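Okay, upload.txt now, which holds compact mmCIF, C-alpha atoms:
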```txt
# COMPACT_ATOMS: atom_id res chain seq x y z
CA MET U 1 -38.10 -7.32 13.05
CA LEU U 2 -36.03 -5.00 10.87
CA ILE U 3 -32.52 -4.16 12.01
CA ASN U 4 -32.15 -0.82 13.79
CA LEU U 5 -29.41 1.22 12.11
CA THR U 6 -30.18 4.54 13.77
CA GLU U 7 -26.78 4.55 15.47
CA ARG U 8 -23.44 3.19 14.31
CA SER U 9 -22.70 -0.30 15.62
CA ASN U 10 -19.57 -0.91 17.66
CA GLN U 11 -19.57 -4.66 16.98
CA PRO U 12 -16.04 -5.79 16.02
CA GLU U 13 -15.47 -7.41 12.64
CA LEU U 14 -13.92 -10.86 12.32
CA MET U 15 -11.20 -9.46 10.03
CA ASP U 16 -10.04 -7.14 12.80
CA ASP U 17 -8.60 -10.15 14.62
CA PHE U 18 -8.25 -12.76 11.87
CA GLN U 19 -6.41 -15.87 13.13
CA GLU U 20 -7.02 -18.41 10.37
CA GLY U 21 -3.74 -18.11 8.49
CA ARG U 22 -2.53 -16.40 5.34
CA LYS U 23 -4.14 -18.86 2.92
CA ASN U 24 -7.62 -18.32 4.37
CA LEU U 25 -7.00 -14.59 4.60
CA GLN U 26 -6.32 -14.56 0.86
CA ILE U 27 -9.65 -16.31 0.22
CA VAL U 28 -11.48 -13.63 2.24
CA PHE U 29 -9.70 -10.86 0.36
CA ASP U 30 -10.68 -12.55 -2.90
CA ASP U 31 -14.31 -12.32 -1.76
CA ILE U 32 -13.96 -8.65 -0.80
CA ASN U 33 -12.22 -7.78 -4.06
CA ARG U 34 -14.87 -9.63 -6.08
CA VAL U 35 -17.62 -7.60 -4.40
CA ASN U 36 -15.79 -4.33 -5.05
CA SER U 37 -15.25 -5.26 -8.68
CA ILE U 38 -18.85 -6.29 -9.33
CA LEU U 39 -20.38 -3.30 -7.56
CA GLY U 40 -17.86 -0.76 -8.86
CA GLY U 41 -16.49 0.18 -5.45
CA ASN U 42 -12.89 0.50 -6.61
CA ASN U 43 -13.83 2.93 -9.38
CA ILE U 44 -15.15 5.37 -6.79
CA THR U 45 -11.68 5.84 -5.30
CA VAL U 46 -9.87 5.78 -8.65
CA ASN U 47 -12.20 8.44 -10.11
CA ALA U 48 -11.80 10.66 -7.05
CA VAL U 49 -8.01 10.41 -7.22
CA ALA U 50 -8.16 11.22 -10.94
CA LYS U 51 -10.21 14.31 -10.12
CA LEU U 52 -7.61 15.57 -7.66
CA ILE U 53 -4.78 14.89 -10.10
CA GLN U 54 -6.55 16.75 -12.90
CA LYS U 55 -7.10 19.75 -10.64
CA ASN U 56 -3.49 19.76 -9.41
CA PRO U 57 -1.15 19.00 -12.33
CA GLN U 58 2.47 18.20 -11.46
CA GLU U 59 5.26 15.91 -12.68
CA GLN U 60 4.78 13.15 -10.10
CA TYR U 61 2.48 12.22 -7.23
CA THR U 62 2.93 10.31 -3.99
CA ILE U 63 -0.27 8.54 -2.94
CA VAL U 64 -0.65 6.76 0.40
CA ASP U 65 -3.36 4.13 1.01
CA MET U 66 -4.20 3.93 4.72
CA GLY U 67 -5.50 0.49 5.62
CA CYS U 68 -4.42 -0.95 2.28
CA GLY U 69 -5.17 -4.61 3.06
CA ASP U 70 -3.91 -6.80 0.23
CA GLY U 71 -3.07 -3.75 -1.92
CA ASN U 72 -5.86 -4.22 -4.43
CA MET U 73 -6.76 -0.53 -4.53
CA LEU U 74 -3.16 0.53 -5.06
CA ARG U 75 -2.88 -1.84 -8.00
CA GLU U 76 -6.05 -0.34 -9.51
CA ILE U 77 -4.60 3.15 -9.16
CA ALA U 78 -1.29 1.97 -10.64
CA LYS U 79 -3.15 0.61 -13.68
CA TYR U 80 -4.99 3.90 -14.13
CA CYS U 81 -1.82 5.97 -13.82
CA ASN U 82 0.11 3.72 -16.20
CA LYS U 83 -2.68 4.07 -18.75
CA LYS U 84 -2.62 7.87 -18.40
CA ALA U 85 1.21 8.09 -18.28
CA ILE U 86 1.07 9.62 -14.79
CA LYS U 87 4.18 9.12 -12.67
CA VAL U 88 3.33 7.94 -9.18
CA ARG U 89 4.86 6.56 -6.04
CA LEU U 90 2.28 4.42 -4.24
CA ILE U 91 2.56 3.50 -0.56
CA GLY U 92 0.36 1.06 1.33
CA VAL U 93 0.05 1.21 5.12
CA ASP U 94 -1.60 -1.48 7.21
CA LEU U 95 -1.37 -2.95 10.71
CA ASN U 96 -2.01 -6.51 9.49
CA ALA U 97 1.39 -8.05 8.67
CA GLU U 98 -0.19 -11.08 6.98
CA ALA U 99 -2.22 -8.85 4.66
CA LEU U 100 0.91 -6.91 3.75
CA GLU U 101 2.73 -10.12 2.80
CA LEU U 102 -0.16 -10.96 0.46
CA ALA U 103 0.00 -7.42 -0.91
CA LYS U 104 3.73 -7.67 -1.64
CA VAL U 105 3.31 -10.95 -3.52
CA ALA U 106 0.38 -9.64 -5.57
CA SER U 107 2.24 -6.39 -6.37
CA LYS U 108 5.56 -7.87 -7.54
CA SER U 109 5.11 -6.51 -11.06
CA TYR U 110 4.33 -2.99 -9.78
CA SER U 111 7.66 -1.31 -9.05
CA GLU U 112 5.88 1.91 -8.06
CA ILE U 113 4.18 0.27 -5.05
CA GLU U 114 5.74 -0.20 -1.61
CA TYR U 115 4.26 -1.27 1.72
CA TYR U 116 4.77 -0.32 5.36
CA HIS U 117 3.67 -2.12 8.50
CA LYS U 118 2.43 0.77 10.65
CA ASP U 119 -0.42 1.72 12.98
CA ILE U 120 -2.40 4.51 11.31
CA LEU U 121 -3.18 6.16 14.64
CA ALA U 122 0.50 6.10 15.68
CA LEU U 123 1.80 7.75 12.50
CA LYS U 124 3.74 10.96 12.94
CA ILE U 125 3.11 13.86 10.60
CA THR U 126 6.69 13.59 9.31
CA ASP U 127 6.44 9.85 8.57
CA LEU U 128 4.63 9.93 5.24
CA ASN U 129 4.34 13.36 3.69
CA CYS U 130 2.48 12.85 0.44
CA ASP U 131 0.25 14.46 -2.14
CA ILE U 132 -2.89 12.36 -1.69
CA VAL U 133 -4.12 10.07 1.08
CA ILE U 134 -6.76 7.47 0.26
CA THR U 135 -8.65 5.09 2.50
CA THR U 136 -11.24 2.63 1.25
CA LEU U 137 -13.57 0.69 3.57
CA THR U 138 -11.27 1.44 6.50
CA MET U 139 -12.85 4.38 8.31
CA HIS U 140 -15.85 2.37 9.53
CA HIS U 141 -13.52 0.12 11.55
CA PHE U 142 -12.81 3.03 13.93
CA GLU U 143 -14.80 4.47 16.81
CA ASP U 144 -15.63 8.16 16.52
CA ASN U 145 -12.80 9.47 18.74
CA ASP U 146 -10.09 7.60 16.82
CA LEU U 147 -11.80 8.39 13.54
CA LEU U 148 -11.57 12.13 14.20
CA THR U 149 -7.89 11.73 15.10
CA PHE U 150 -6.99 10.08 11.81
CA LEU U 151 -9.07 12.53 9.75
CA LYS U 152 -7.04 15.38 11.18
CA LYS U 153 -3.80 13.47 10.66
CA PHE U 154 -4.62 12.58 7.05
CA ASN U 155 -5.23 16.22 6.20
CA GLN U 156 -1.90 17.17 7.73
CA LEU U 157 -0.09 14.45 5.75
CA ALA U 158 -1.68 15.15 2.35
CA ARG U 159 -0.60 18.23 0.40
CA ILE U 160 -3.35 17.99 -2.25
CA GLY U 161 -6.19 16.10 -0.62
CA VAL U 162 -7.77 13.08 1.04
CA VAL U 163 -10.17 10.57 -0.54
CA ILE U 164 -12.38 8.45 1.70
CA ASN U 165 -14.58 5.74 0.21
CA ASP U 166 -16.82 4.04 2.75
CA LEU U 167 -20.21 2.48 3.35
CA GLN U 168 -23.63 4.02 3.81
CA ARG U 169 -25.47 2.72 6.86
CA SER U 170 -28.72 1.62 5.25
CA ARG U 171 -31.38 -1.05 5.69
CA TRP U 172 -31.57 -1.38 1.91
CA ALA U 173 -27.83 -2.02 1.77
CA TYR U 174 -28.02 -4.48 4.67
CA TYR U 175 -30.74 -6.70 3.26
CA LEU U 176 -29.60 -6.48 -0.36
CA PHE U 177 -26.13 -7.55 0.76
CA LYS U 178 -27.66 -10.63 2.41
CA VAL U 179 -29.10 -11.68 -0.95
CA PHE U 180 -25.97 -10.68 -2.89
CA SER U 181 -23.70 -12.66 -0.56
CA LEU U 182 -25.62 -15.89 -1.14
CA ILE U 183 -24.55 -15.77 -4.79
CA PHE U 184 -21.21 -14.01 -4.93
CA ILE U 185 -19.47 -14.57 -1.59
CA LYS U 186 -17.87 -17.86 -0.60
CA THR U 187 -16.57 -17.31 2.94
CA GLU U 188 -18.63 -16.94 6.08
CA THR U 189 -16.16 -14.33 7.31
CA ALA U 190 -16.89 -12.03 4.36
CA LYS U 191 -20.64 -12.63 4.67
CA ILE U 192 -20.69 -11.81 8.38
CA ASP U 193 -18.27 -8.89 8.17
CA GLY U 194 -20.14 -7.40 5.24
CA LEU U 195 -23.24 -6.99 7.38
CA ILE U 196 -21.27 -5.72 10.36
CA SER U 197 -19.50 -3.23 8.09
CA ILE U 198 -22.80 -1.81 6.89
CA SER U 199 -24.04 -1.47 10.46
CA ARG U 200 -20.78 0.38 11.28
CA GLY U 201 -21.14 2.60 8.20
CA PHE U 202 -22.27 6.20 7.96
CA LEU U 203 -25.13 8.52 7.18
CA LYS U 204 -24.32 11.68 5.27
CA SER U 205 -25.26 13.63 8.39
CA ASP U 206 -22.52 11.74 10.28
CA LEU U 207 -19.90 12.77 7.73
CA ILE U 208 -21.07 16.38 7.77
CA GLU U 209 -20.68 16.47 11.55
CA TYR U 210 -17.16 15.03 11.28
CA SER U 211 -16.31 17.61 8.61
CA LYS U 212 -17.11 20.42 11.07
CA THR U 213 -14.03 19.40 13.09
CA LEU U 214 -11.90 20.39 10.07
CA PRO U 215 -13.08 23.93 9.30
CA THR U 216 -9.97 24.86 7.26
CA VAL U 217 -10.58 22.03 4.80
CA LYS U 218 -12.86 22.03 1.74
CA HIS U 219 -15.28 19.08 1.85
CA ASP U 220 -17.14 17.34 -0.95
CA ILE U 221 -19.37 14.44 0.20
CA CYS U 222 -21.32 12.47 -2.43
CA TRP U 223 -23.40 9.31 -2.42
CA LYS U 224 -22.35 6.66 -4.93
CA TRP U 225 -23.71 3.29 -5.98
CA ALA U 226 -23.65 0.79 -4.37
CA PHE U 227 -24.45 2.43 -1.04
CA ARG U 228 -21.14 4.25 -0.68
CA TYR U 229 -20.04 7.74 0.19
CA VAL U 230 -16.99 9.34 -1.35
CA TRP U 231 -15.61 12.16 0.74
CA ILE U 232 -12.96 14.34 -0.90
CA MET U 233 -11.12 16.75 1.37
CA GLN U 234 -8.82 19.49 0.15
CA PRO U 235 -6.86 21.75 2.49
CA ASP U 236 -7.57 25.43 2.01
CA ARG U 237 -3.83 26.15 1.86
CA LEU U 238 -4.05 25.28 -1.86
CA THR U 239 -6.65 27.93 -2.62
```

Give the structure from the file, written as structure tokens.
Amino acid sequence: MLINLTERSNQPELMDDFQEGRKNLQIVFDDINRVNSILGGNNITVNAVAKLIQKNPQEQYTIVDMGCGDGNMLREIAKYCNKKAIKVRLIGVDLNAEALELAKVASKSYSEIEYYHKDILALKITDLNCDIVITTLTMHHFEDNDLLTFLKKFNQLARIGVVINDLQRSRWAYYLFKVFSLIFIKTETAKIDGLISISRGFLKSDLIEYSKTLPTVKHDICWKWAFRYVWIMQPDRLT
């Protein structure tokens, strides 16, 4: 019987309560980063950030990554900005202290990156005023009520805009990932969580409904390979 993905799953992911130590956590992140590299997932966020920067030229940008994990996305953005001679301050926020320790080690050569151990939902508007907020493969971890709370908060924090990169809820994605994981993924945690993540992902109609709760924000929602949505939000105060 085919999996029913009509509604978002509320099944928790193993990574949400990972208790196997920092070394094993690094191995799981290596799996996740390998998948994002092969399937071009990181480029989706980098390209969206580049689009916002091009539309809003200024001397320097502060970019905050909510749910930054091991900091891989921030390092990709740092590489892009260095290549383009764009001055940036990059801030990673995550609730997982072990992940942040891995991020700090991996980012030693990136002086523009710093990390904070904070709960996204507990952030105050004055905590991290910035130009751009990004979040990659984080939104699907939240239930709808909390999700709507952080969407509102992100748009209050970000002066220029918000970039969300997350998964499409799709049977094609689900079963193709099963095949893909047999070849490219080493850990059972990443294999299991990958399928749960897809079942917790979104339809475009879901994102459109969420966008209606932010009527003073300009929304651009696009499907990207492989089975991703990029959602760029820009507050109308800039227009």

For the contact check between region 69-130 of chain U and region 144-156 of chain U, emit one row per residue of region 69-130 of chain U within 12 Å, containing the shortest atom pair and the distance in Å rounded to one decimal, counting all atoms listed in the file, chain then rising number order, as a Markdown table.
```
| residue | atom | partner | partner_atom | distance |
| --- | --- | --- | --- | --- |
| U:Asp119 | CA | U:Phe150 | CA | 10.7 |
| U:Ile120 | CA | U:Phe150 | CA | 7.2 |
| U:Leu121 | CA | U:Phe150 | CA | 6.2 |
| U:Ala122 | CA | U:Phe150 | CA | 9.3 |
| U:Leu123 | CA | U:Lys153 | CA | 8.2 |
| U:Lys124 | CA | U:Lys153 | CA | 8.3 |
| U:Ile125 | CA | U:Gln156 | CA | 6.7 |
| U:Thr126 | CA | U:Gln156 | CA | 9.4 |
| U:Asp127 | CA | U:Lys153 | CA | 11.1 |
| U:Leu128 | CA | U:Phe154 | CA | 9.8 |
| U:Asn129 | CA | U:Gln156 | CA | 8.4 |
| U:Cys130 | CA | U:Gln156 | CA | 9.5 |
```

What does the file look like for those residues with C-alpha atoms, as a JSON list (two decimals), keeping the file's coordinate frame?
```json
[["chain", "number", "residue", "atom", "x", "y", "z"],
["U", 119, "ASP", "CA", -0.42, 1.72, 12.98],
["U", 120, "ILE", "CA", -2.40, 4.51, 11.31],
["U", 121, "LEU", "CA", -3.18, 6.16, 14.64],
["U", 122, "ALA", "CA", 0.50, 6.10, 15.68],
["U", 123, "LEU", "CA", 1.80, 7.75, 12.50],
["U", 124, "LYS", "CA", 3.74, 10.96, 12.94],
["U", 125, "ILE", "CA", 3.11, 13.86, 10.60],
["U", 126, "THR", "CA", 6.69, 13.59, 9.31],
["U", 127, "ASP", "CA", 6.44, 9.85, 8.57],
["U", 128, "LEU", "CA", 4.63, 9.93, 5.24],
["U", 129, "ASN", "CA", 4.34, 13.36, 3.69],
["U", 130, "CYS", "CA", 2.48, 12.85, 0.44]]
```

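Across the structure, CA of Glu101 (chain U) and CA of Val133 (chain U) are spaced 21.4 Å apart.
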
CA of Gly21 (chain U) and CA of Glu98 (chain U) are how many Å apart?
->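 Value for the CA of Gly21 (chain U)-CA of Glu98 (chain U) distance: 8.0 Å.
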
Between U:Met15, U:Leu5, U:Cys222, U:Val230, which is the closest to Glu188 (chain U) once you count all atoms listed in the file?
->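 Nearest candidate to Glu188 (chain U) out of U:Met15, U:Leu5, U:Cys222, U:Val230: U:Met15.
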
Go through region 73-156 of chain U and flag each residue having an atom no more than 9 Å from region 190-205 of chain U; for those, report the closest pair of atoms plus their distance in Å to one decimal, using all atoms listed in the file, ordered by chain and rising number, as CSV.
```
residue,atom,partner,partner_atom,distance
U:Leu137,CA,U:Ser197,CA,8.4
U:Met139,CA,U:Gly201,CA,8.5
U:His140,CA,U:Gly201,CA,5.5
U:His141,CA,U:Arg200,CA,7.3
U:Phe142,CA,U:Arg200,CA,8.8
```

Let me see the file: selected residues, C-alpha atoms, as a PDB file, in the frame of the given file.
```
ATOM      1  CA  LEU U 137     -13.570   0.690   3.570  1.00  0.00           C
ATOM      2  CA  MET U 139     -12.850   4.380   8.310  1.00  0.00           C
ATOM      3  CA  HIS U 140     -15.850   2.370   9.530  1.00  0.00           C
ATOM      4  CA  HIS U 141     -13.520   0.120  11.550  1.00  0.00           C
ATOM      5  CA  PHE U 142     -12.810   3.030  13.930  1.00  0.00           C
TER       6      PHE U 142
END
```

Compute the distance from (-2.1, -4.2, 8.3) to each atom, counting all atoms listed in the file, keep the residues with any atom at most 9 Å away, and return them as number ranges by chain; use the coordinates of the file.
-> U: 67-70, 93-100, 116-119

Could you check which of U:Val217, U:Ile86, U:Ile44, U:Ile63 is closest to Asp131 (chain U), using only C-alpha atoms?
->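 Ranked by minimum distance to Asp131 (chain U), first place goes to U:Ile63.
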
Length of the CA of Lys83 (chain U) to CA of Arg34 (chain U) vector [Å] =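 Separation of CA of Lys83 (chain U) and CA of Arg34 (chain U): 22.3 Å.
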
Nearest to Ser211 (chain U) among U:Trp223, U:Tyr115, U:Trp231, U:Phe18, with distances taken over all atoms listed in the file: which residue is it?
->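 Nearest to Ser211 (chain U): U:Trp231.
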
Identify which of the residues U:Asn36, U:Phe177, U:Asn72, U:Asp220 lies closest to Leu52 (chain U), counting all atoms listed in the file when measuring atom-to-atom distances.
-> U:Asp220

Distance query Thr45 (chain U) at most 10 Å, all atoms listed in the file, self and fewer than 6 positions along chain excluded, as an MDAnalysis selection string | chainID U and resid 51 73 76:77 134:136 163:166 230:232

Contacts of Leu207 (chain U) within 10 Å, all atoms listed in the file, excl. fewer than 6 positions in-chain, as a CSV table (one decimal) with C-alpha atoms, keeping the file's coordinate frame:
```
chain,number,residue,atom,x,y,z
U,219,HIS,CA,-15.3,19.1,1.8
U,221,ILE,CA,-19.4,14.4,0.2
U,229,TYR,CA,-20.0,7.7,0.2
U,231,TRP,CA,-15.6,12.2,0.7
```

Counting only C-alpha atoms, which of U:Leu25, U:Ala226, U:Leu14, U:Val46 gets nearest to Leu167 (chain U)?
->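 Smallest separation from Leu167 (chain U) among the options: U:Ala226.
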
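Compared by their closest atoms to Ala173 (chain U), and using all atoms listed in the file, the residues U:Ala50, U:Gln26, U:Val105, U:Phe227 rank with U:Phe227 nearest.
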
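The shell of residues at most 6 Å from Val64 (chain U), with all atoms listed in the file counted and near chain neighbours (fewer than 4 positions) removed, consists of Leu90, Ile91, Gly92 and Val133 of chain U.
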
Specify the axis-aligned box that encloses all atoms of region 185-203 of chain U listed in the file after padding of 4 Å on each side, stating its centre and edge lengths in Å to one decimal as AutoDock Vina command-line options.
```
--center_x -20.6 --center_y -4.7 --center_z 4.8 --size_x 17.0 --size_y 34.4 --size_z 20.9
```

Fewer than 5 positions away in the same chain doesn't count, so skip those; otherwise give me all residues within 10 Å of Val35 (chain U), counting only C-alpha atoms, as a CSV table (one decimal) with C-alpha atoms, in the coordinates of the input.
```csv
chain,number,residue,atom,x,y,z
U,29,PHE,CA,-9.7,-10.9,0.4
U,30,ASP,CA,-10.7,-12.6,-2.9
U,40,GLY,CA,-17.9,-0.8,-8.9
U,41,GLY,CA,-16.5,0.2,-5.4
U,42,ASN,CA,-12.9,0.5,-6.6
U,177,PHE,CA,-26.1,-7.6,0.8
U,180,PHE,CA,-26.0,-10.7,-2.9
U,181,SER,CA,-23.7,-12.7,-0.6
U,184,PHE,CA,-21.2,-14.0,-4.9
U,185,ILE,CA,-19.5,-14.6,-1.6
U,190,ALA,CA,-16.9,-12.0,4.4
U,194,GLY,CA,-20.1,-7.4,5.2
```

Residues within 12 Å of (-9.9, 24.2, -0.7), file coords, all atoms listed in the file, listed as number ranges by chain | U: 52, 55-56, 155, 159-162, 214-220, 232-239

Asn10 (chain U) environment, 8 Å, all atoms listed in the file, sequence neighbours closer than 2 positions dropped, as a ChimeraX atom specification = /U:8,12,143,200
